[in-house]
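The next block is final.cif, given as mmCIF, C-alpha atoms.
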data_run
#
loop_
_atom_site.label_atom_id
_atom_site.label_comp_id
_atom_site.auth_asym_id
_atom_site.auth_seq_id
_atom_site.Cartn_x
_atom_site.Cartn_y
_atom_site.Cartn_z
CA MET A 774 -85.51 89.71 126.31
CA GLN A 775 -83.80 93.13 126.56
CA THR A 776 -81.20 94.82 128.79
CA GLY A 777 -81.65 98.10 130.72
CA TRP A 778 -79.30 101.06 131.01
CA ASP A 779 -77.39 99.34 133.79
CA GLY A 780 -76.98 96.10 131.81
CA ALA A 781 -79.58 94.16 133.82
CA TYR A 782 -81.98 91.88 131.96
CA LEU A 783 -85.56 93.11 131.50
CA TYR A 784 -88.12 90.29 131.33
CA SER A 785 -91.43 90.58 129.54
CA ALA A 786 -94.64 88.92 130.66
CA GLU A 787 -94.09 86.23 128.05
CA ASP A 788 -90.64 85.49 129.47
CA TYR A 789 -92.07 85.14 132.96
CA ARG A 790 -94.72 82.76 131.66
CA LYS A 791 -92.06 80.50 130.13
CA MET A 792 -90.07 80.47 133.36
CA ARG A 793 -92.92 79.29 135.54
CA ARG A 794 -92.31 76.08 137.46
CA ILE A 795 -94.71 73.77 139.21
CA ILE A 796 -93.37 72.37 142.44
CA ALA A 797 -94.84 68.87 142.53
CA GLU A 798 -95.04 66.64 145.54
CA ASP A 799 -93.56 63.84 143.40
CA PRO A 800 -89.75 64.24 143.65
CA TYR A 801 -89.38 62.43 140.31
CA TRP A 802 -91.63 64.85 138.44
CA THR A 803 -89.93 66.52 135.46
CA LEU A 804 -90.72 68.86 132.60
CA THR A 805 -90.15 66.16 130.01
CA THR A 806 -92.97 65.19 127.71
CA VAL A 807 -95.35 62.64 129.16
CA PRO A 808 -94.74 59.29 127.37
CA TYR A 809 -97.44 57.70 125.28
CA LEU A 810 -99.68 55.31 127.10
CA SER A 811 -98.76 52.57 124.63
CA ASN A 812 -95.06 53.00 125.54
CA LEU A 813 -95.91 52.81 129.23
CA CYS A 814 -97.73 49.55 128.58
CA LEU A 815 -94.79 48.16 126.58
CA GLN A 816 -92.39 49.17 129.35
CA CYS A 817 -94.62 47.32 131.80
CA ILE A 818 -94.29 44.22 129.60
CA VAL A 819 -90.51 44.64 129.65
CA ASN A 820 -90.42 44.95 133.44
CA ASN A 821 -92.52 41.82 133.93
CA PHE A 822 -91.31 39.77 130.96
CA GLU A 823 -89.85 36.92 132.98
CA GLU A 824 -93.12 36.34 134.88
CA LYS A 825 -95.53 37.13 132.03
CA PRO A 826 -93.79 36.98 128.64
CA ILE A 827 -95.81 38.68 125.90
CA PHE A 828 -94.21 38.98 122.46
CA GLU A 829 -95.83 37.13 119.56
CA GLU A 830 -99.05 39.16 119.78
CA LEU A 831 -97.21 42.47 119.28
CA THR A 832 -96.63 44.42 116.07
CA ALA A 833 -93.20 44.74 114.48
CA SER A 834 -92.54 48.20 115.94
CA GLN A 835 -93.68 47.06 119.38
CA LYS A 836 -91.37 44.04 119.19
CA ASP A 837 -88.46 46.35 118.37
CA PHE A 838 -89.31 48.47 121.43
CA ILE A 839 -89.30 45.34 123.61
CA GLN A 840 -86.05 43.97 122.16
CA GLU A 841 -84.19 47.23 122.79
CA ARG A 842 -85.11 47.19 126.49
CA LEU A 843 -85.26 43.55 127.60
CA SER A 844 -82.77 42.47 130.24
CA LEU A 845 -79.89 40.41 128.86
CA SER A 846 -79.93 38.26 131.99
CA LEU A 847 -83.22 36.58 131.08
CA PRO A 848 -82.94 32.76 131.00
CA LEU A 849 -82.42 31.21 127.56
CA HIS A 850 -85.26 28.75 128.01
CA LEU A 851 -87.55 31.79 128.02
CA THR A 852 -86.06 33.81 125.17
CA ALA A 853 -84.67 31.16 122.76
CA ASN A 854 -87.86 30.20 120.97
CA LEU A 855 -89.83 33.36 121.78
CA ILE A 856 -87.66 36.35 120.87
CA THR A 857 -87.17 36.58 117.11
CA ASP A 858 -83.90 37.48 115.42
CA GLY A 859 -83.16 41.16 115.97
CA VAL A 860 -81.79 43.81 118.30
CA TYR A 861 -82.06 41.67 121.46
CA TRP A 862 -79.73 38.98 120.08
CA LYS A 863 -77.38 41.63 118.75
CA ARG A 864 -77.15 43.05 122.27
CA CYS A 865 -76.50 39.55 123.65
CA CYS A 866 -73.65 38.97 121.17
CA LYS A 867 -72.06 42.37 121.78
CA GLN A 868 -72.14 41.81 125.52
CA LYS A 869 -70.51 38.37 125.31
CA TRP A 870 -67.90 38.79 122.56
CA ASP A 871 -65.72 41.70 121.50
CA VAL A 872 -65.58 40.67 117.83
CA CYS A 873 -68.97 40.02 116.22
CA ASP A 874 -68.96 39.69 112.43
CA VAL A 875 -72.55 38.78 111.67
CA SER A 876 -71.81 38.42 107.95
CA HIS A 877 -70.33 34.98 108.73
CA TYR A 878 -73.72 33.88 110.02
CA ASP A 879 -75.97 34.92 107.14
CA HIS A 880 -76.47 38.24 108.96
CA SER A 881 -78.41 36.49 111.72
CA TRP A 882 -77.55 37.64 115.25
CA LYS A 883 -79.59 34.86 116.77
CA ARG A 884 -77.73 32.22 114.79
CA MET A 885 -74.41 33.77 115.80
CA PHE A 886 -75.33 33.73 119.46
CA PHE A 887 -76.44 30.10 119.61
CA GLU A 888 -73.62 28.74 117.46
CA ARG A 889 -70.91 30.48 119.45
CA HIS A 890 -72.59 29.76 122.75
CA LEU A 891 -72.77 26.03 121.98
CA GLU A 892 -69.18 26.06 120.72
CA ASN A 893 -68.03 27.55 124.03
CA ILE A 894 -69.87 24.89 126.01
CA ILE A 895 -68.28 22.06 123.98
CA GLU A 896 -64.79 23.58 124.06
CA LEU A 897 -64.92 23.88 127.86
CA PHE A 898 -66.49 20.45 128.39
CA ILE A 899 -64.31 18.27 130.64
CA PRO A 900 -65.03 14.53 130.38
CA ASN A 901 -66.02 12.91 133.69
CA GLU A 902 -66.33 16.36 135.23
CA THR A 903 -68.88 18.34 133.22
CA ASP A 904 -72.43 17.04 133.35
CA PRO A 905 -73.63 16.10 129.81
CA LYS A 906 -76.96 17.68 130.72
CA VAL A 907 -75.27 21.07 130.29
CA VAL A 908 -75.07 20.29 126.57
CA LEU A 909 -78.31 18.36 126.23
CA GLN A 910 -80.34 21.14 127.85
CA MET A 911 -79.16 23.49 125.11
CA VAL A 912 -80.32 21.29 122.24
CA PRO A 913 -84.06 22.13 122.30
CA LEU A 914 -83.15 25.81 122.51
CA CYS A 915 -80.62 25.99 119.67
CA LYS A 916 -81.30 23.11 117.27
CA HIS A 917 -83.28 25.29 114.84
CA TYR A 918 -80.56 27.95 114.59
CA VAL A 919 -77.23 26.07 114.59
CA LYS A 920 -75.96 25.46 111.04
CA ARG A 921 -72.20 25.44 111.68
CA LEU A 922 -69.98 24.44 114.58
CA ASP A 923 -66.29 25.36 114.66
CA ILE A 924 -64.70 23.57 117.61
CA SER A 925 -61.10 24.72 118.04
CA GLN A 926 -60.30 22.65 121.15
CA LEU A 927 -61.54 19.52 122.90
CA LEU A 928 -60.39 19.04 126.46
CA PRO A 929 -59.15 15.68 127.76
CA PRO A 930 -60.17 14.31 131.18
CA ILE A 931 -58.36 15.68 134.19
CA LYS A 932 -55.37 13.44 134.83
CA GLU A 933 -55.00 12.34 138.42
CA PRO A 934 -51.52 13.01 139.84
CA GLN A 935 -49.41 9.89 140.19
CA ARG A 936 -48.82 8.69 143.71
CA GLU A 937 -45.30 8.77 144.95
CA GLU A 938 -43.69 5.37 145.21
CA GLU A 939 -42.89 5.37 148.89
CA GLU A 940 -41.97 1.71 149.20
CA ASP A 941 -38.96 1.71 146.92
CA GLY A 942 -38.28 5.42 147.27
CA SER A 943 -38.07 5.83 143.52
CA ASP A 944 -38.90 9.25 142.09
CA MET A 945 -37.72 8.55 138.55
CA ALA A 946 -41.16 8.04 136.99
CA THR A 947 -41.29 8.80 133.29
CA ASP A 948 -44.00 9.37 130.72
CA THR A 949 -43.61 5.81 129.48
CA GLU A 950 -44.50 4.44 132.91
CA TYR A 951 -47.96 6.00 132.86
CA ASP A 952 -50.49 3.29 132.13
CA GLY A 953 -53.77 5.06 132.69
CA PRO A 954 -56.85 4.85 130.47
CA GLY A 955 -56.72 6.35 126.98
CA ILE A 956 -57.60 10.02 126.91
CA GLU A 957 -61.15 10.59 125.66
CA HIS A 958 -62.95 13.78 124.77
CA PHE A 959 -66.46 15.12 124.30
CA ASP A 960 -68.83 12.49 122.92
CA PHE A 961 -70.47 13.93 119.79
CA GLY A 962 -72.83 10.98 119.74
CA ILE A 963 -75.08 12.72 122.26
CA LEU A 964 -75.37 15.86 120.14
CA LEU A 965 -75.06 15.67 116.34
CA LYS A 966 -78.19 13.63 115.65
CA LYS A 967 -80.27 16.19 117.54
CA LEU A 968 -78.97 19.20 115.57
CA THR A 969 -81.41 18.88 112.70
CA ASN A 970 -80.08 21.87 110.72
CA LEU A 971 -76.33 21.33 111.14
CA GLU A 972 -74.53 21.67 107.79
CA GLU A 973 -70.87 22.29 108.73
CA LEU A 974 -68.67 20.74 111.40
CA HIS A 975 -65.07 21.87 111.94
CA LEU A 976 -63.09 19.96 114.58
CA THR A 977 -59.62 20.08 116.09
CA TYR A 978 -58.65 17.64 118.82
CA GLY A 979 -56.30 19.95 120.66
CA PHE A 980 -55.73 22.09 123.70
CA LYS A 981 -55.29 25.86 123.40
CA HIS A 982 -53.57 26.64 126.70
CA CYS A 983 -51.90 23.52 128.09
CA GLY A 984 -48.96 25.42 129.61
CA MET A 985 -46.37 23.23 131.30
CA ASN A 986 -48.72 20.23 131.26
CA PHE A 987 -48.07 19.55 127.57
CA GLU A 988 -48.48 15.98 126.35
CA TRP A 989 -48.93 14.80 122.77
CA LYS A 990 -51.99 12.82 123.87
CA MET A 991 -53.79 16.11 124.37
CA PHE A 992 -53.64 16.69 120.62
CA GLU A 993 -55.07 13.46 119.28
CA MET A 994 -58.29 11.49 119.40
CA THR A 995 -58.47 8.00 120.86
CA ASP A 996 -59.95 4.98 119.11
CA ARG A 997 -63.09 5.34 121.19
CA ASP A 998 -63.30 9.02 120.27
CA CYS A 999 -63.02 8.09 116.61
CA GLU A 1000 -65.69 5.40 116.70
CA SER A 1001 -68.09 7.64 118.60
CA LEU A 1002 -67.50 10.52 116.16
CA ALA A 1003 -67.88 8.27 113.11
CA LYS A 1004 -71.27 6.99 114.27
CA ALA A 1005 -72.37 10.52 115.14
CA LEU A 1006 -71.43 11.74 111.64
CA LYS A 1007 -73.47 9.00 110.05
CA SER A 1008 -76.50 9.99 112.12
CA CYS A 1009 -76.22 13.67 111.11
CA ARG A 1010 -77.99 13.40 107.76
CA THR A 1011 -77.90 17.15 107.01
CA LEU A 1012 -74.11 17.53 107.23
CA LYS A 1013 -72.58 18.97 104.05
CA LEU A 1014 -69.05 19.87 105.21
CA PHE A 1015 -66.82 17.96 107.63
CA ARG A 1016 -63.37 19.24 108.55
CA LEU A 1017 -61.10 17.32 110.95
CA HIS A 1018 -57.61 18.80 110.92
CA GLN A 1019 -54.50 19.00 113.10
CA SER A 1020 -55.67 16.01 115.15
CA HIS A 1021 -53.02 13.32 114.47
CA ILE A 1022 -55.46 11.22 112.44
CA GLU A 1023 -53.63 8.18 111.05
CA ASP A 1024 -54.68 5.38 108.71
CA LYS A 1025 -56.70 3.31 111.16
CA LYS A 1026 -58.87 6.23 112.25
CA CYS A 1027 -59.21 7.51 108.68
CA ARG A 1028 -60.52 4.12 107.52
CA LEU A 1029 -63.01 4.00 110.38
CA LEU A 1030 -64.34 7.48 109.64
CA VAL A 1031 -64.63 6.73 105.93
CA LYS A 1032 -66.50 3.49 106.67
CA TYR A 1033 -69.34 5.47 108.26
CA LEU A 1034 -69.28 8.19 105.60
CA LEU A 1035 -69.56 5.93 102.54
CA ASP A 1036 -73.32 6.25 102.19
CA HIS A 1037 -73.77 9.72 103.64
CA PRO A 1038 -76.57 11.41 101.68
CA SER A 1039 -75.51 15.05 101.91
CA LEU A 1040 -71.73 15.25 102.53
CA ARG A 1041 -70.09 17.36 99.81
CA VAL A 1042 -66.85 18.69 101.38
CA LEU A 1043 -64.31 16.59 103.30
CA ASP A 1044 -61.17 18.09 104.84
CA PHE A 1045 -58.60 15.82 106.53
CA SER A 1046 -55.71 18.28 106.16
CA HIS A 1047 -52.69 18.44 108.50
CA ASN A 1048 -52.91 14.89 109.82
CA LEU A 1049 -50.88 11.67 109.59
CA ILE A 1050 -52.87 9.79 106.96
CA GLY A 1051 -50.82 7.45 104.78
CA ASP A 1052 -51.41 5.08 101.88
CA SER A 1053 -53.87 2.81 103.65
CA GLY A 1054 -56.04 5.80 104.53
CA ALA A 1055 -55.70 7.08 100.96
CA ARG A 1056 -57.08 3.79 99.62
CA ALA A 1057 -60.12 4.26 101.86
CA ILE A 1058 -60.49 7.81 100.52
CA GLY A 1059 -60.35 6.46 96.97
CA LYS A 1060 -63.20 4.10 97.77
CA LEU A 1061 -65.16 6.97 99.27
CA LEU A 1062 -64.77 9.00 96.07
CA THR A 1063 -66.40 6.24 94.03
CA LYS A 1064 -69.34 5.75 96.40
CA SER A 1065 -70.16 9.27 97.58
CA LYS A 1066 -71.14 12.62 96.13
CA LEU A 1067 -68.08 14.50 97.36
CA GLU A 1068 -67.29 17.69 95.49
CA VAL A 1069 -64.29 18.96 97.49
CA LEU A 1070 -61.52 16.82 99.02
CA ASN A 1071 -58.63 18.32 101.00
CA MET A 1072 -55.85 15.92 102.02
CA CYS A 1073 -53.16 18.58 102.38
CA ASP A 1074 -50.13 17.89 104.60
CA ASN A 1075 -50.41 14.15 105.22
CA ASN A 1076 -48.14 11.15 104.59
CA ILE A 1077 -49.56 9.93 101.30
CA SER A 1078 -46.97 8.50 98.92
CA GLY A 1079 -47.17 7.38 95.30
CA VAL A 1080 -48.99 4.16 96.29
CA GLY A 1081 -51.79 6.08 98.01
CA ALA A 1082 -51.94 8.56 95.14
CA LYS A 1083 -52.55 5.68 92.73
CA ALA A 1084 -55.63 4.67 94.75
CA ILE A 1085 -57.00 8.21 94.55
CA ALA A 1086 -56.08 8.39 90.84
CA HIS A 1087 -58.02 5.18 90.19
CA ALA A 1088 -61.09 6.84 91.71
CA LEU A 1089 -60.54 9.94 89.56
CA SER A 1090 -60.56 7.82 86.41
CA LYS A 1091 -64.10 6.68 87.24
CA PRO A 1092 -67.25 8.82 86.93
CA SER A 1093 -67.14 11.20 89.89
CA SER A 1094 -68.71 14.36 91.27
CA LEU A 1095 -65.37 15.68 92.60
CA LEU A 1096 -64.65 19.28 91.60
CA SER A 1097 -61.60 20.11 93.74
CA LEU A 1098 -58.69 17.94 94.93
CA ASN A 1099 -55.92 19.21 97.22
CA LEU A 1100 -52.94 16.87 97.77
CA ARG A 1101 -50.43 19.59 98.65
CA LEU A 1102 -47.54 18.76 101.00
CA ASN A 1103 -47.59 14.98 100.71
CA HIS A 1104 -44.99 12.57 99.29
CA LEU A 1105 -46.54 11.64 95.95
CA THR A 1106 -43.32 11.86 93.92
CA ASP A 1107 -43.47 11.15 90.18
CA GLU A 1108 -45.13 7.81 90.85
CA GLY A 1109 -48.19 9.55 92.25
CA GLY A 1110 -47.99 12.56 89.94
CA GLU A 1111 -48.00 10.46 86.77
CA ALA A 1112 -50.87 8.34 88.11
CA ILE A 1113 -52.95 11.47 88.76
CA ALA A 1114 -52.12 12.81 85.31
CA LYS A 1115 -53.13 9.55 83.64
CA ALA A 1116 -56.46 9.59 85.49
CA MET A 1117 -57.09 13.19 84.47
CA LEU A 1118 -57.09 12.13 80.82
CA LYS A 1119 -60.33 10.26 81.58
CA ASN A 1120 -61.78 12.83 83.99
CA ASN A 1121 -63.97 15.67 82.74
CA THR A 1122 -65.40 16.96 86.03
CA LEU A 1123 -62.43 18.05 88.18
CA LEU A 1124 -61.94 21.83 88.10
CA HIS A 1125 -59.17 22.45 90.65
CA LEU A 1126 -56.04 20.36 91.28
CA HIS A 1127 -53.32 21.18 93.84
CA LEU A 1128 -50.14 19.06 93.78
CA GLY A 1129 -47.72 21.57 95.31
CA GLY A 1130 -44.79 20.39 97.44
CA ASN A 1131 -44.82 16.70 96.44
CA LYS A 1132 -41.21 16.07 95.30
CA MET A 1133 -42.23 15.85 91.65
CA THR A 1134 -39.88 16.33 88.70
CA TRP A 1135 -40.05 16.90 84.95
CA LEU A 1136 -41.60 13.43 84.53
CA THR A 1137 -44.81 14.61 86.17
CA ALA A 1138 -44.66 17.87 84.22
CA PHE A 1139 -44.52 15.91 80.94
CA ALA A 1140 -47.49 13.76 81.99
CA LEU A 1141 -49.55 16.79 83.01
CA SER A 1142 -48.68 18.57 79.78
CA GLU A 1143 -50.67 15.96 77.91
CA VAL A 1144 -53.59 16.63 80.28
CA LEU A 1145 -53.44 20.38 79.60
CA VAL A 1146 -53.71 19.72 75.88
CA GLN A 1147 -56.61 17.23 76.01
CA ASN A 1148 -58.59 18.19 79.15
CA ASN A 1149 -60.95 21.14 78.70
CA SER A 1150 -62.59 21.11 82.15
CA LEU A 1151 -59.62 21.88 84.43
CA LYS A 1152 -59.68 25.51 85.59
CA SER A 1153 -56.73 25.70 88.00
CA ILE A 1154 -53.60 23.66 88.63
CA ASN A 1155 -50.91 24.23 91.27
CA LEU A 1156 -47.50 22.60 90.88
CA SER A 1157 -45.50 24.98 93.08
CA CYS A 1158 -42.54 23.86 95.19
CA ASN A 1159 -41.67 20.89 92.96
CA LYS A 1160 -38.47 20.35 90.97
CA LEU A 1161 -39.92 20.48 87.48
CA GLY A 1162 -36.78 22.00 85.98
CA GLU A 1163 -36.32 23.75 82.66
CA ASP A 1164 -37.45 20.76 80.61
CA GLY A 1165 -40.63 20.42 82.64
CA GLY A 1166 -41.26 24.14 82.26
CA LYS A 1167 -40.89 24.01 78.49
CA ALA A 1168 -43.31 21.09 78.30
CA LEU A 1169 -45.89 23.01 80.32
CA GLU A 1170 -45.30 26.12 78.22
CA LYS A 1171 -45.95 24.23 75.00
CA ALA A 1172 -49.06 22.55 76.41
CA MET A 1173 -50.52 25.79 77.75
CA SER A 1174 -50.26 27.37 74.31
CA CYS A 1175 -53.02 24.93 73.26
CA ASN A 1176 -55.15 25.38 76.36
CA THR A 1177 -58.16 27.71 76.69
CA SER A 1178 -59.69 26.60 80.02
CA VAL A 1179 -56.98 27.01 82.70
CA THR A 1180 -57.28 30.39 84.44
CA GLU A 1181 -54.82 29.64 87.27
CA CYS A 1182 -51.48 27.90 86.89
CA ASP A 1183 -49.00 28.18 89.76
CA ILE A 1184 -45.45 27.04 88.94
CA ARG A 1185 -43.57 29.15 91.48
CA LEU A 1186 -40.42 27.67 93.06
CA THR A 1187 -40.21 24.85 90.52
CA GLU A 1188 -36.82 25.69 88.91
CA VAL A 1189 -38.62 26.63 85.69
CA ASN A 1190 -36.87 29.40 83.71
CA GLU A 1191 -38.40 32.87 83.63
CA GLN A 1192 -39.26 32.74 79.93
CA SER A 1193 -41.46 29.67 80.40
CA VAL A 1194 -43.10 31.20 83.47
CA SER A 1195 -43.84 34.38 81.54
CA SER A 1196 -45.33 32.46 78.60
CA VAL A 1197 -47.54 30.36 80.89
CA ASN A 1198 -48.74 33.46 82.74
CA GLN A 1199 -49.57 35.18 79.44
CA VAL A 1200 -51.80 32.27 78.40
CA VAL A 1201 -53.47 32.29 81.84
CA TRP A 1202 -54.26 36.01 81.53
CA THR A 1203 -55.68 35.47 78.06
CA ASN A 1204 -57.89 32.64 79.33
CA GLN A 1205 -59.07 34.83 82.22
CA SER A 1206 -60.08 37.57 79.79
CA LEU A 1207 -61.99 35.11 77.63
CA GLN A 1208 -63.74 33.71 80.69
CA GLN A 1209 -64.77 37.21 81.85
CA LYS A 1210 -66.17 38.01 78.41
CA LYS A 1211 -68.23 34.81 78.44
CA GLN A 1212 -69.63 35.65 81.85
CA ALA A 1213 -70.48 39.18 80.74
CA LYS A 1214 -72.66 37.92 77.88
#

Kindly present the structure from the file in structure tokens form.
Amino acid sequence: MQTGWDGAYLYSAEDYRKMRRIIAEDPYWTLTTVPYLSNLCLQCIVNNFEEKPIFEELTASQKDFIQERLSLSLPLHLTANLITDGVYWKRCCKQKWDVCDVSHYDHSWKRMFFERHLENIIELFIPNETDPKVVLQMVPLCKHYVKRLDISQLLPPIKEPQREEEEDGSDMATDTEYDGPGIEHFDFGILLKKLTNLEELHLTYGFKHCGMNFEWKMFEMTDRDCESLAKALKSCRTLKLFRLHQSHIEDKKCRLLVKYLLDHPSLRVLDFSHNLIGDSGARAIGKLLTKSKLEVLNMCDNNISGVGAKAIAHALSKPSSLLSLNLRLNHLTDEGGEAIAKAMLKNNTLLHLHLGGNKMTWLTAFALSEVLVQNNSLKSINLSCNKLGEDGGKALEKAMSCNTSVTECDIRLTEVNEQSVSSVNQVVWTNQSLQQKKQAK
């Protein structure tokens, strides 16, 4: 293309050929490249997928084409067991939730979708209001993909407003006057047995947004809830991790749950942290340790005293599969601390022990010092937030100088002098270096 003396463009024959246009009768006609016939066929499948689903017969590239274009409003009973893990389920997750970290789901978008979708249904389930079929209809669709459920709230039934006492004219009704039925929540008995691949269950009996309708009953399970859950746990033979925290679980409920978990074939991790479990519940836990294959036990922030700690210590002194024990924020005192230490002299399997915040003194530190000298299996010990004092610190310092296995030792906020803390930390760093060299070989 050139310009003339007056600045106007001069077009060659080739330029005119390129500028030719065909005025078609079809108003949607364009100059874009005509799509491949195979793509037109695939688009036809997409447009008619709900009436005539075709997917399994396609190649991998054709399936990707379909997944990128399928409508996200298709019913789950159609897509759940037909559409494989891929772009379609990623699109479904992105549409439904703002934050989607697929790494928490073994990088499976389909697993993420069905786990979170089922969690939402359970968390919004209102007893006596929501039809259980809403949950049961999901089971055949999701049972092959759900491995973990993290339920952060369980709603109580809707409480009927109290009638005004017109006869006596009294309007001074109080919470103690309410004599309605015990609050009950979602019944896991209708679900857990049917989830044949479920490995982890995290539960909190609570209410996220109760507003001005707050009652403590909203944050605890009833006896009927507990019995139903216990039986459901026993029926879920694939469960490896069970976490029930911040749910006001006391001794009676703890004993009932343990009763049904005694012979569980696959349970390896049990977490009853942040509850109200006392010594009676701790005795049940001790029995569970001797009859199960538990590897991790978390009883943090309960009401276990020295008596309950003795029951757990007795279990530790027997052959056990337990690798980690967390008794932080209880009331073990030196009675419980010394019992645990004595048991550890006979235990050669426990790797991690947390006794922080248990009102222990130098007496426990002296008892544990003997453990640090003789026990070669313990990898980490946490004694923070106890009153071990300078004498307790010196005992630990002397014991650690003979230890080659402990790679974590937390004695912060224990009134131990800085010299002892520094010496203990130096031994820990040395042990860490030795451990890294062993792993590198």

Evaluate the PyMOL selection byres ((chain A and resi 1198) around 12) here and jot the selected residues down as a PDB file with C-alpha atoms, in the coordinates of the input.
ATOM      1  CA  GLY A1166     -41.260  24.140  82.260  1.00  0.00           C
ATOM      2  CA  LEU A1169     -45.890  23.010  80.320  1.00  0.00           C
ATOM      3  CA  GLU A1170     -45.300  26.120  78.220  1.00  0.00           C
ATOM      4  CA  MET A1173     -50.520  25.790  77.750  1.00  0.00           C
ATOM      5  CA  SER A1174     -50.260  27.370  74.310  1.00  0.00           C
ATOM      6  CA  VAL A1179     -56.980  27.010  82.700  1.00  0.00           C
ATOM      7  CA  THR A1180     -57.280  30.390  84.440  1.00  0.00           C
ATOM      8  CA  GLU A1181     -54.820  29.640  87.270  1.00  0.00           C
ATOM      9  CA  CYS A1182     -51.480  27.900  86.890  1.00  0.00           C
ATOM     10  CA  ASP A1183     -49.000  28.180  89.760  1.00  0.00           C
ATOM     11  CA  ILE A1184     -45.450  27.040  88.940  1.00  0.00           C
ATOM     12  CA  ARG A1185     -43.570  29.150  91.480  1.00  0.00           C
ATOM     13  CA  GLU A1191     -38.400  32.870  83.630  1.00  0.00           C
ATOM     14  CA  GLN A1192     -39.260  32.740  79.930  1.00  0.00           C
ATOM     15  CA  SER A1193     -41.460  29.670  80.400  1.00  0.00           C
ATOM     16  CA  VAL A1194     -43.100  31.200  83.470  1.00  0.00           C
ATOM     17  CA  SER A1195     -43.840  34.380  81.540  1.00  0.00           C
ATOM     18  CA  SER A1196     -45.330  32.460  78.600  1.00  0.00           C
ATOM     19  CA  VAL A1197     -47.540  30.360  80.890  1.00  0.00           C
ATOM     20  CA  GLN A1199     -49.570  35.180  79.440  1.00  0.00           C
ATOM     21  CA  VAL A1200     -51.800  32.270  78.400  1.00  0.00           C
ATOM     22  CA  VAL A1201     -53.470  32.290  81.840  1.00  0.00           C
ATOM     23  CA  TRP A1202     -54.260  36.010  81.530  1.00  0.00           C
ATOM     24  CA  THR A1203     -55.680  35.470  78.060  1.00  0.00           C
ATOM     25  CA  ASN A1204     -57.890  32.640  79.330  1.00  0.00           C
ATOM     26  CA  GLN A1205     -59.070  34.830  82.220  1.00  0.00           C
TER      27      GLN A1205
END

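Of note, atom CA of A:Cys865 and atom CA of A:Leu891 are spaced 14.1 Å apart.
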
Problem set entry | Within 6 Å of A:Tyr918 using only C-alpha atoms, minus same-chain residues under 2 positions, as an NGL selection string | :A and (884 or 915-916)

Exercise. Could you spell out the hits of the PyMOL selection byres ((chain A and resi 1060-1070) around 8) on the shown file, as a ChimeraX atom specification?
Worked result: /A:1031,1034-1044,1056-1059,1071-1072,1085,1088-1089,1091-1099

Exercise. Between atom CA of A:Thr1134 and atom CA of A:Glu1163, what is the spacing in Å?
Worked result: 10.2 Å

For this session: Find the residue from A:Asp960, A:Asp1074, A:Glu824, A:Asp874 that sits nearest to A:His1127; use only C-alpha atoms when measuring.
Result: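 Looking at the shortest contact to A:His1127, the residue is A:Asp1074.
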
Exercise. Nearest to A:Cys814 among A:Phe980, A:Phe838, A:Tyr861, A:Glu973, with distances taken over all atoms listed in the file: which residue is it?
Worked result: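 The closest residue to A:Cys814 is A:Phe838.
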
Exercise. So how many Å separate atom CA of A:Ile827 and atom CA of A:Ser881, to one decimal?
Worked result: 22.6 Å

For this session: Excluding A:Trp1135 and any residue of its chain fewer than 4 positions from it, enumerate the residues within 8 Å of it, using all atoms listed in the file, and give them as a PyMOL selection string.
Result: chain A and resi 1139+1160-1162+1164-1166

Expansion of the PyMOL selection byres ((chain A and resi 978) around 9) into residues, as a short mmCIF file (atom, residue, chain, number, x, y, z; two decimals) with C-alpha atoms, in the coordinates of the input:
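Result went into expr.cif, see below:
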data_model
loop_
_atom_site.label_atom_id
_atom_site.label_comp_id
_atom_site.auth_asym_id
_atom_site.auth_seq_id
_atom_site.Cartn_x
_atom_site.Cartn_y
_atom_site.Cartn_z
CA ILE A 924 -64.70 23.57 117.61
CA SER A 925 -61.10 24.72 118.04
CA GLN A 926 -60.30 22.65 121.15
CA LEU A 927 -61.54 19.52 122.90
CA LEU A 928 -60.39 19.04 126.46
CA HIS A 958 -62.95 13.78 124.77
CA LEU A 976 -63.09 19.96 114.58
CA THR A 977 -59.62 20.08 116.09
CA GLY A 979 -56.30 19.95 120.66
CA PHE A 980 -55.73 22.09 123.70
CA MET A 991 -53.79 16.11 124.37
CA PHE A 992 -53.64 16.69 120.62
CA GLU A 993 -55.07 13.46 119.28
CA MET A 994 -58.29 11.49 119.40
CA LEU A 1017 -61.10 17.32 110.95
CA HIS A 1018 -57.61 18.80 110.92
CA GLN A 1019 -54.50 19.00 113.10
CA SER A 1020 -55.67 16.01 115.15
CA HIS A 1021 -53.02 13.32 114.47
#

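The shortest atom-to-atom distance to A:Ser1008, with only C-alpha atoms taken into account, belongs to A:Lys967 out of A:Lys967, A:Lys883, A:His975, A:Lys1032.
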
For this session: List the neighbours of A:Leu897 out to 10 Å using only C-alpha atoms; skip same-chain residues closer than 2 positions along the sequence, and give me the result as a ChimeraX atom specification.
Result: /A:892-895,899-900,903,926-928,959

Problem set entry | For A:Glu1108: contacts at 8 Å, all atoms listed in the file, fewer than 5 positions along chain excluded, given as a ChimeraX atom specification | /A:1079-1080,1083

Selection to disk with C-alpha atoms, as an mmCIF file, in the frame of the given file:
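The result, stored in selection13.cif:
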data_model
loop_
_atom_site.group_PDB
_atom_site.id
_atom_site.type_symbol
_atom_site.label_atom_id
_atom_site.label_comp_id
_atom_site.auth_asym_id
_atom_site.auth_seq_id
_atom_site.Cartn_x
_atom_site.Cartn_y
_atom_site.Cartn_z
ATOM 1 C CA GLY A 1079 -47.170 7.380 95.300
ATOM 2 C CA VAL A 1080 -48.990 4.160 96.290
ATOM 3 C CA LYS A 1083 -52.550 5.680 92.730
#
